[in-house]
Structures are given as C-alpha cells and as structure tokens.
$ cat final12.cif   # mmCIF, C-alpha atoms
data_coords
loop_
_atom_site.label_atom_id
_atom_site.label_comp_id
_atom_site.auth_asym_id
_atom_site.auth_seq_id
_atom_site.Cartn_x
_atom_site.Cartn_y
_atom_site.Cartn_z
CA MET P 19 89.25 119.96 99.96
CA PRO P 20 86.17 119.97 97.73
CA LYS P 21 84.17 116.84 97.17
CA GLY P 22 82.95 116.00 93.67
CA ARG P 23 85.41 113.87 91.74
CA PHE P 24 87.67 113.78 94.79
CA ALA P 25 85.24 111.66 96.79
CA ILE P 26 83.57 108.29 96.75
CA LYS P 27 81.14 106.71 99.18
CA LEU P 28 82.23 103.52 100.89
CA LEU P 29 79.20 101.27 101.23
CA ALA P 30 80.47 98.51 103.44
CA THR P 31 78.47 98.95 106.62
CA GLY P 32 79.19 96.25 109.17
CA LEU P 33 82.22 94.84 107.31
CA ALA P 34 84.86 93.64 109.75
CA ILE P 35 88.40 94.40 108.64
CA SER P 36 91.97 93.71 109.74
CA LEU P 37 92.97 97.35 109.85
CA MET P 38 95.29 98.81 112.46
CA GLY P 39 96.38 95.49 113.87
CA ALA P 40 98.96 97.20 116.09
CA CYS P 41 96.29 98.92 118.16
CA ALA P 42 94.59 97.75 121.31
CA GLY P 43 91.01 96.55 121.55
CA ASP P 44 88.64 95.02 119.02
CA ARG P 45 89.18 95.84 115.37
CA PRO P 46 86.88 98.56 114.08
CA THR P 47 84.05 97.87 111.70
CA MET P 48 83.38 99.76 108.53
CA GLY P 49 80.60 102.31 108.36
CA THR P 50 79.21 104.41 105.53
CA LEU P 51 81.58 107.28 104.86
CA ASP P 52 82.13 109.91 102.20
CA PRO P 53 85.84 110.72 102.52
CA SER P 54 87.66 113.40 100.57
CA VAL P 55 90.14 111.62 98.31
CA PRO P 56 92.41 112.45 95.38
CA SER P 57 91.15 111.26 91.99
CA SER P 58 89.91 108.01 93.49
CA THR P 59 90.61 106.46 96.87
CA ILE P 60 92.48 104.39 99.20
CA SER P 61 95.64 102.31 99.12
CA GLY P 62 95.97 98.58 99.60
CA THR P 63 98.02 97.36 102.52
CA PRO P 64 100.06 94.29 101.59
CA THR P 65 102.80 93.56 104.12
CA THR P 66 105.60 92.32 101.85
CA LEU P 67 107.38 93.70 98.85
CA THR P 68 109.67 91.88 96.39
CA PRO P 69 112.26 93.19 96.22
CA VAL P 70 112.63 95.95 98.78
CA VAL P 71 113.44 98.94 96.62
CA ASP P 72 114.28 101.33 99.39
CA ASP P 73 113.45 101.24 103.05
CA GLY P 74 114.95 104.51 104.19
CA ILE P 75 113.43 107.49 105.94
CA LEU P 76 110.90 109.51 103.90
CA THR P 77 111.13 113.19 104.81
CA PRO P 78 108.97 116.30 104.36
CA ASP P 79 111.37 117.30 101.57
CA GLU P 80 110.37 114.14 99.70
CA LEU P 81 106.64 113.68 100.33
CA LEU P 82 105.32 117.02 99.13
CA GLY P 83 101.63 116.15 98.86
CA TRP P 84 101.50 114.61 95.38
CA ILE P 85 99.27 111.53 95.25
CA ALA P 86 99.24 108.96 92.43
CA THR P 87 96.19 106.81 91.73
CA PRO P 88 96.50 103.89 89.28
CA THR P 89 94.10 104.07 86.34
CA GLY P 90 93.99 100.27 86.21
CA GLU P 91 95.77 97.36 87.85
CA PRO P 92 98.73 98.78 89.80
CA ALA P 93 102.00 98.23 87.94
CA VAL P 94 104.86 98.93 90.33
CA TYR P 95 108.50 98.15 89.58
CA SER P 96 111.69 98.11 91.63
CA GLY P 97 113.25 100.68 89.28
CA PRO P 98 112.23 103.20 86.60
CA SER P 99 111.86 100.67 83.78
CA THR P 100 109.70 97.66 83.00
CA ASP P 101 112.96 95.71 82.83
CA PHE P 102 113.10 95.87 86.61
CA GLN P 103 111.31 93.35 88.80
CA ARG P 104 107.58 93.82 89.26
CA VAL P 105 106.53 94.64 92.81
CA GLU P 106 103.30 92.95 93.83
CA ILE P 107 100.82 95.48 95.18
CA ALA P 108 97.15 94.69 95.73
CA ALA P 109 94.70 96.54 93.52
CA GLU P 110 92.27 97.04 96.38
CA THR P 111 92.09 97.13 100.14
CA ASP P 112 90.10 94.60 102.10
CA MET P 113 87.23 97.08 101.70
CA GLY P 114 87.44 97.06 97.91
CA ALA P 115 88.84 100.57 97.50
CA PRO P 116 91.48 101.23 94.82
CA THR P 117 95.16 101.62 95.62
CA THR P 118 96.76 105.05 96.03
CA PHE P 119 100.43 106.01 96.42
CA ALA P 120 102.26 109.05 97.77
CA VAL P 121 104.69 110.41 95.19
CA VAL P 122 108.30 110.99 96.22
CA GLY P 123 109.35 114.44 94.99
CA GLU P 124 107.60 116.76 92.57
CA ALA P 125 104.99 115.49 90.14
CA GLY P 126 103.68 118.63 88.45
CA ASN P 127 103.63 118.87 84.67
CA ALA P 128 106.57 121.26 84.71
CA ALA P 129 108.53 119.38 87.36
CA PRO P 130 111.89 118.06 86.12
CA ARG P 131 112.36 114.38 86.92
CA PRO P 132 115.55 112.33 86.68
CA HIS P 133 113.55 109.53 85.06
CA PRO P 134 111.03 111.06 82.60
CA GLY P 135 107.82 109.10 82.36
CA TRP P 136 108.17 107.59 85.83
CA TYR P 137 107.21 108.49 89.39
CA GLN P 138 108.89 107.14 92.47
CA VAL P 139 106.19 106.34 95.02
CA ALA P 140 105.96 105.40 98.68
CA LEU P 141 104.40 101.98 99.17
CA PRO P 142 102.01 100.60 101.82
CA THR P 143 104.32 97.66 102.54
CA ARG P 144 106.83 96.36 105.01
CA PRO P 145 109.46 97.56 105.71
CA ASN P 146 108.42 101.12 106.44
CA GLY P 147 109.83 103.63 103.99
CA SER P 148 109.69 101.23 101.03
CA THR P 149 109.38 102.82 97.60
CA GLY P 150 108.84 101.66 94.04
CA TRP P 151 108.27 103.14 90.59
CA VAL P 152 105.17 103.58 88.43
CA GLN P 153 104.86 104.83 84.87
CA SER P 154 103.26 108.26 84.70
CA SER P 155 100.96 107.00 81.95
CA THR P 156 99.43 104.46 84.36
CA VAL P 157 98.38 106.87 87.12
CA THR P 158 96.58 110.14 87.67
CA VAL P 159 98.13 112.64 90.05
CA ALA P 160 96.63 115.25 92.36
CA LYS P 161 98.20 117.45 95.02
CA THR P 162 96.91 118.10 98.51
CA PRO P 163 97.92 121.20 100.49
CA PHE P 164 97.67 119.20 103.72
CA ARG P 165 100.40 117.39 105.62
CA ILE P 166 100.29 115.78 109.07
CA PHE P 167 103.15 115.96 111.58
CA VAL P 168 103.26 113.70 114.65
CA GLU P 169 105.82 114.48 117.38
CA LEU P 170 106.10 111.51 119.71
CA GLY P 171 108.18 113.23 122.39
CA GLY P 172 105.92 116.25 122.50
CA ARG P 173 102.78 114.05 122.26
CA THR P 174 101.29 116.28 119.58
CA LEU P 175 99.70 115.89 116.17
CA ARG P 176 99.73 118.94 113.91
CA VAL P 177 98.11 119.48 110.52
CA GLU P 178 99.49 122.05 108.11
CA LYS P 179 97.74 123.44 105.06
CA ASP P 180 100.09 125.20 102.65
CA LYS P 181 102.68 125.12 105.46
CA VAL P 182 100.39 126.94 107.90
CA GLY P 183 99.16 125.14 111.01
CA VAL P 184 95.40 124.56 111.00
CA PHE P 185 95.01 121.91 113.71
CA THR P 186 96.92 120.72 116.79
CA ALA P 187 95.98 118.05 119.31
CA GLU P 188 97.51 116.12 122.18
CA ILE P 189 97.97 112.41 121.49
CA ALA P 190 98.80 109.07 123.09
CA VAL P 191 101.56 107.01 121.48
CA GLY P 192 103.16 103.58 121.58
CA THR P 193 104.91 102.10 124.58
CA GLU P 194 108.64 101.49 124.91
CA GLU P 195 108.02 97.81 124.12
CA ASN P 196 105.84 98.57 121.07
CA PRO P 197 106.78 102.07 119.96
CA THR P 198 105.08 104.11 117.28
CA PRO P 199 107.34 103.81 114.20
CA VAL P 200 109.27 106.86 113.04
CA ASN P 201 109.16 107.64 109.31
CA GLY P 202 107.27 109.42 106.59
CA THR P 203 104.12 107.67 105.38
CA PHE P 204 100.61 108.45 104.12
CA VAL P 205 96.96 107.85 104.95
CA THR P 206 95.49 104.75 103.30
CA GLU P 207 92.05 104.39 104.89
CA LEU P 208 89.42 106.39 106.72
CA ILE P 209 86.92 104.36 108.73
CA ASP P 210 83.64 105.55 110.18
CA ASN P 211 83.46 103.14 113.09
CA ASN P 212 80.16 101.42 113.78
CA LYS P 213 81.20 101.25 117.45
CA PRO P 214 82.08 104.88 118.22
CA ASP P 215 82.25 104.16 121.94
CA GLY P 216 84.83 101.41 121.40
CA ALA P 217 88.61 101.43 121.64
CA TYR P 218 89.03 103.19 118.28
CA GLY P 219 86.50 105.94 118.89
CA PRO P 220 84.28 107.24 116.08
CA TYR P 221 86.93 107.35 113.32
CA ALA P 222 90.21 105.72 112.40
CA PHE P 223 92.76 106.61 109.72
CA GLY P 224 94.91 103.73 108.49
CA LEU P 225 98.52 104.51 107.58
CA ALA P 226 100.92 102.95 105.08
CA MET P 227 103.05 101.96 108.05
CA HIS P 228 103.48 98.88 110.20
CA SER P 229 104.74 98.15 113.69
CA ASP P 230 108.44 97.38 113.99
CA THR P 231 107.74 94.93 116.82
CA LEU P 232 104.38 93.33 115.97
CA THR P 233 103.69 91.41 112.78
CA GLU P 234 100.23 90.37 113.99
CA PHE P 235 97.92 91.81 116.61
CA ALA P 236 94.21 91.27 117.30
CA GLY P 237 93.79 89.61 113.91
CA GLY P 238 95.50 92.41 112.00
CA ASN P 239 98.89 92.63 110.30
CA GLY P 240 100.49 95.20 112.58
CA GLN P 241 99.30 98.20 110.56
CA VAL P 242 99.56 101.50 112.42
CA GLY P 243 96.74 104.04 112.48
CA ILE P 244 95.48 107.31 113.92
CA HIS P 245 92.18 106.95 115.78
CA GLY P 246 89.95 107.98 118.63
CA THR P 247 89.70 106.27 121.99
CA ASN P 248 87.42 105.21 124.82
CA ARG P 249 90.16 106.12 127.32
CA PRO P 250 90.59 109.89 127.04
CA ASP P 251 92.32 109.82 130.43
CA LEU P 252 95.33 108.19 128.75
CA ILE P 253 95.87 110.92 126.15
CA GLY P 254 99.37 112.34 126.57
CA GLN P 255 100.85 108.99 127.62
CA ALA P 256 102.82 106.18 125.94
CA VAL P 257 100.20 103.44 126.21
CA SER P 258 99.29 102.07 122.75
CA HIS P 259 100.70 99.18 120.74
CA GLY P 260 102.01 101.69 118.19
CA CYS P 261 98.96 103.60 117.01
CA VAL P 262 98.39 107.31 117.57
CA ARG P 263 95.33 108.03 119.71
CA LEU P 264 93.38 111.27 119.86
CA ALA P 265 90.46 112.35 122.01
CA ASN P 266 87.23 111.69 120.14
CA ASP P 267 86.45 115.39 119.72
CA ASP P 268 89.87 115.81 118.11
CA ILE P 269 89.56 112.87 115.72
CA GLU P 270 86.16 114.23 114.66
CA GLU P 271 87.70 117.63 113.99
CA LEU P 272 90.50 115.96 112.04
CA VAL P 273 87.93 114.25 109.82
CA ARG P 274 86.09 117.54 109.30
CA LEU P 275 89.23 119.02 107.76
CA GLY P 276 88.54 116.86 104.71
CA LEU P 277 92.02 115.36 104.57
CA PRO P 278 92.49 113.37 101.36
CA LEU P 279 93.48 109.74 101.54
CA GLY P 280 97.10 109.74 100.49
CA VAL P 281 97.93 112.82 102.55
CA PRO P 282 101.53 112.62 103.84
CA VAL P 283 102.14 111.87 107.52
CA PHE P 284 105.50 112.42 109.21
CA ILE P 285 106.17 110.75 112.54
CA SER P 286 109.25 111.92 114.42
CA GLN P 287 110.71 111.67 117.88
#

$ encode --input "final12.cif" --output "structure tokens"
Amino acid sequence: MPKGRFAIKLLATGLAISLMGACAGDRPTMGTLDPSVPSSTISGTPTTLTPVVDDGILTPDELLGWIATPTGEPAVYSGPSTDFQRVEIAAETDMGAPTTFAVVGEAGNAAPRPHPGWYQVALPTRPNGSTGWVQSSTVTVAKTPFRIFVELGGRTLRVEKDKVGVFTAEIAVGTEENPTPVNGTFVTELIDNNKPDGAYGPYAFGLAMHSDTLTEFAGGNGQVGIHGTNRPDLIGQAVSHGCVRLANDDIEELVRLGLPLGVPVFISQ
C-alpha cells in the first residue's frame, strides 16, 4: 500500500494508553509511527452502543476491504435514515486519531446498495459484530486488497492480498477461560511500542473487538489485539487473555506489509 495521502504520522511518543486490555502484561506505550492508512486513520474504541443495531457474525462475504472514514464528526445511526436513533461513536481514539469504519458489503461507485446514500458499517463497540449506518456524503471510502485470517484451532494467522496468501505465521491464542473471540472485525490501531522487549513486543495492532469474558483488564477495556511477545516459547499455545500473539520477527514482517488501518480481520475456530 503506498504512503502519501494514505498515511499520517502519530506523534505521541511516551503516551500511555488503555489499548488491548484483554492481553497480559503492562499496557504498551505509544511510539512514533507512520502507518499505512486509508484516507485518514484509526477508529475510536468505545465499548457501548445505543442501541445495538446488529451483533451477528461478520463474514468474509460481508467485509470485503472497503473502509469508510468520516469527513467530520462521526454520524452513525441505527438504521439507514436520520430518523433512526443516533449511535454514539467517539470522533477520536485515546491517541487523537480519527475514527474509521469497515464497510459491510460493496461500496464502489457502481455498487448497487439496498439503501442508496447509506453505508452499513462495522463498529468498534461491544458487542462484537455490531453494525450501524452512515450517510455516504459524510465519509470517504477506500478499498484495501488485504484481509487477515486467524484460525484459532490451527494456531495460524494468514494475510491475503487480492485473495492470494502473502504471509503466514504461527500464533498463540486465548485460554479456555478467556478465549479469543470469534467474529469478523477490523484493525483500529497500530502501535510502535516504546518497550519492544515487553509483553507486547515491538508492535501491536488493536482490533475493533472485545473479550467476551473480560470487561476490564490491566487498566484497559477488554479490547483484543494482535501483537508481539517476550515469550516466544509460548507461540502455538492457548495462553493469552484473548489477544493473538506472534513472534516478534513475525509481527515486524506483518507491519512491513503496510496493512491499512481498517483492514478486515476474520477470527474463526
């Protein structure tokens, strides 16, 4: 993915955040990073949604790689009309980056939609799989060729570009008591950790997904992430509080792919 207008620099070195609160160890700190992102960046991670529009399973047939970025304050509704109830979504993350959504279905100019002028979008809220609606006039859309597939039983993470595998790695996953949630979601944050030898390794991707068993952990809100580790000997095992762990060499390679924030992630058994 090229840089240019698809990238911003996050200048929040040393900022402590409550990201990936379902992971073990100290929370990561924010470093200077130049991630590849669609249109602008990252999604906020509120944990409630009023009302819950839909909390089903989001599949690869639904999250096709279209990413919607609000052009102003996010205006999300529980249905495809402003007559529906407004869904409160934060305009920024704790790091001050603007909200991004994954579009459900096609979003191209020629794509037929059952509700013209509106996009259904996946939300970074509890419960997992929640969706809402945004007016097409209030967002910009971009499409990524990348999608991430996590297979818990096989302990693998695979990245596809235009449906062709470009990266595969062995992972560690959640325990039986605190399992990694199963659903479709998307990347909301990319953190360059100031403590690369810590529990999260050098990088951590936040997901628009939360633990089904933990509403708070280590000061966070139970958000699930994909990150490195200081225990490579545990890769391949079910040992985390819900996050997906990779060996540090693998998380670094994942970052080098230039995955856009908003890229779909599918976690299955």

$ atom_distance --input "final12.cif" --atom1 "CA of Tyr95 in chain P" --atom2 "CA of Gln153 in chain P"
8.9 Å

$ residues_around --input "final12.cif" --residues "Leu141 in chain P" --least-positions-apart "2" --cutoff "7 Å" --atoms "all atoms listed in the file" --output "VMD selection string"
chain P and resid 119 139 143 148 to 150 226

$ resolve_selection --input "final12.cif" --expression "the PyMOL selection byres ((chain P and resi 257) around 12)" --output "PyMOL selection string"
chain P and resi 40-42+170+173+189-198+247+249-256+258-263

$ atom_distance --input "final12.cif" --atom1 "CA of Trp136 in chain P" --atom2 "CA of Glu106 in chain P"
17.4 Å

$ residues_around --input "final12.cif" --residues "Glu178 in chain P" --least-positions-apart "5" --cutoff "8 Å" --atoms "only C-alpha atoms" --output "mmCIF file with C-alpha atoms, in the coordinates of the input"
data_model
loop_
_atom_site.group_PDB
_atom_site.id
_atom_site.type_symbol
_atom_site.label_atom_id
_atom_site.label_comp_id
_atom_site.auth_asym_id
_atom_site.auth_seq_id
_atom_site.Cartn_x
_atom_site.Cartn_y
_atom_site.Cartn_z
ATOM 1 C CA PRO P 163 97.920 121.200 100.490
ATOM 2 C CA PHE P 164 97.670 119.200 103.720
ATOM 3 C CA ARG P 165 100.400 117.390 105.620
ATOM 4 C CA ILE P 166 100.290 115.780 109.070
ATOM 5 C CA PHE P 167 103.150 115.960 111.580
ATOM 6 C CA GLY P 183 99.160 125.140 111.010
ATOM 7 C CA VAL P 184 95.400 124.560 111.000
ATOM 8 C CA PHE P 185 95.010 121.910 113.710
#

$ atom_distance --input "final12.cif" --atom1 "CA of Gly135 in chain P" --atom2 "CA of Val122 in chain P"
14.0 Å

$ closest_residue --input "final12.cif" --among "P:Ile244, P:Gly224, P:Thr89, P:Glu270" --to "Pro116 in chain P" --atoms "all atoms listed in the file"
P:Thr89

$ closest_residue --input "final12.cif" --among "P:His133, P:His228, P:Arg274, P:Arg176" --to "Pro199 in chain P" --atoms "all atoms listed in the file"
P:His228

$ resolve_selection --input "final12.cif" --expression "the PyMOL selection byres ((chain P and resi 223) around 12)" --output "CSV table (one decimal) with C-alpha atoms, in the frame of the given file"
chain,number,residue,atom,x,y,z
P,37,LEU,CA,93.0,97.4,109.8
P,38,MET,CA,95.3,98.8,112.5
P,41,CYS,CA,96.3,98.9,118.2
P,46,PRO,CA,86.9,98.6,114.1
P,48,MET,CA,83.4,99.8,108.5
P,53,PRO,CA,85.8,110.7,102.5
P,60,ILE,CA,92.5,104.4,99.2
P,61,SER,CA,95.6,102.3,99.1
P,166,ILE,CA,100.3,115.8,109.1
P,204,PHE,CA,100.6,108.4,104.1
P,205,VAL,CA,97.0,107.8,105.0
P,206,THR,CA,95.5,104.8,103.3
P,207,GLU,CA,92.0,104.4,104.9
P,208,LEU,CA,89.4,106.4,106.7
P,209,ILE,CA,86.9,104.4,108.7
P,210,ASP,CA,83.6,105.6,110.2
P,211,ASN,CA,83.5,103.1,113.1
P,218,TYR,CA,89.0,103.2,118.3
P,219,GLY,CA,86.5,105.9,118.9
P,220,PRO,CA,84.3,107.2,116.1
P,221,TYR,CA,86.9,107.4,113.3
P,222,ALA,CA,90.2,105.7,112.4
P,224,GLY,CA,94.9,103.7,108.5
P,225,LEU,CA,98.5,104.5,107.6
P,226,ALA,CA,100.9,103.0,105.1
P,227,MET,CA,103.0,102.0,108.0
P,241,GLN,CA,99.3,98.2,110.6
P,242,VAL,CA,99.6,101.5,112.4
P,243,GLY,CA,96.7,104.0,112.5
P,244,ILE,CA,95.5,107.3,113.9
P,245,HIS,CA,92.2,107.0,115.8
P,246,GLY,CA,90.0,108.0,118.6
P,261,CYS,CA,99.0,103.6,117.0
P,262,VAL,CA,98.4,107.3,117.6
P,263,ARG,CA,95.3,108.0,119.7
P,264,LEU,CA,93.4,111.3,119.9
P,269,ILE,CA,89.6,112.9,115.7
P,270,GLU,CA,86.2,114.2,114.7
P,272,LEU,CA,90.5,116.0,112.0
P,273,VAL,CA,87.9,114.2,109.8
P,277,LEU,CA,92.0,115.4,104.6
P,278,PRO,CA,92.5,113.4,101.4
P,279,LEU,CA,93.5,109.7,101.5
P,280,GLY,CA,97.1,109.7,100.5
P,281,VAL,CA,97.9,112.8,102.6
P,283,VAL,CA,102.1,111.9,107.5

$ resolve_selection --input "final12.cif" --expression "the PyMOL selection byres ((chain P and resi 121) around 12)" --output "PyMOL selection string"
chain P and resi 76-87+118-120+122-126+131+136-141+148-154+157-162+202-204+280-282
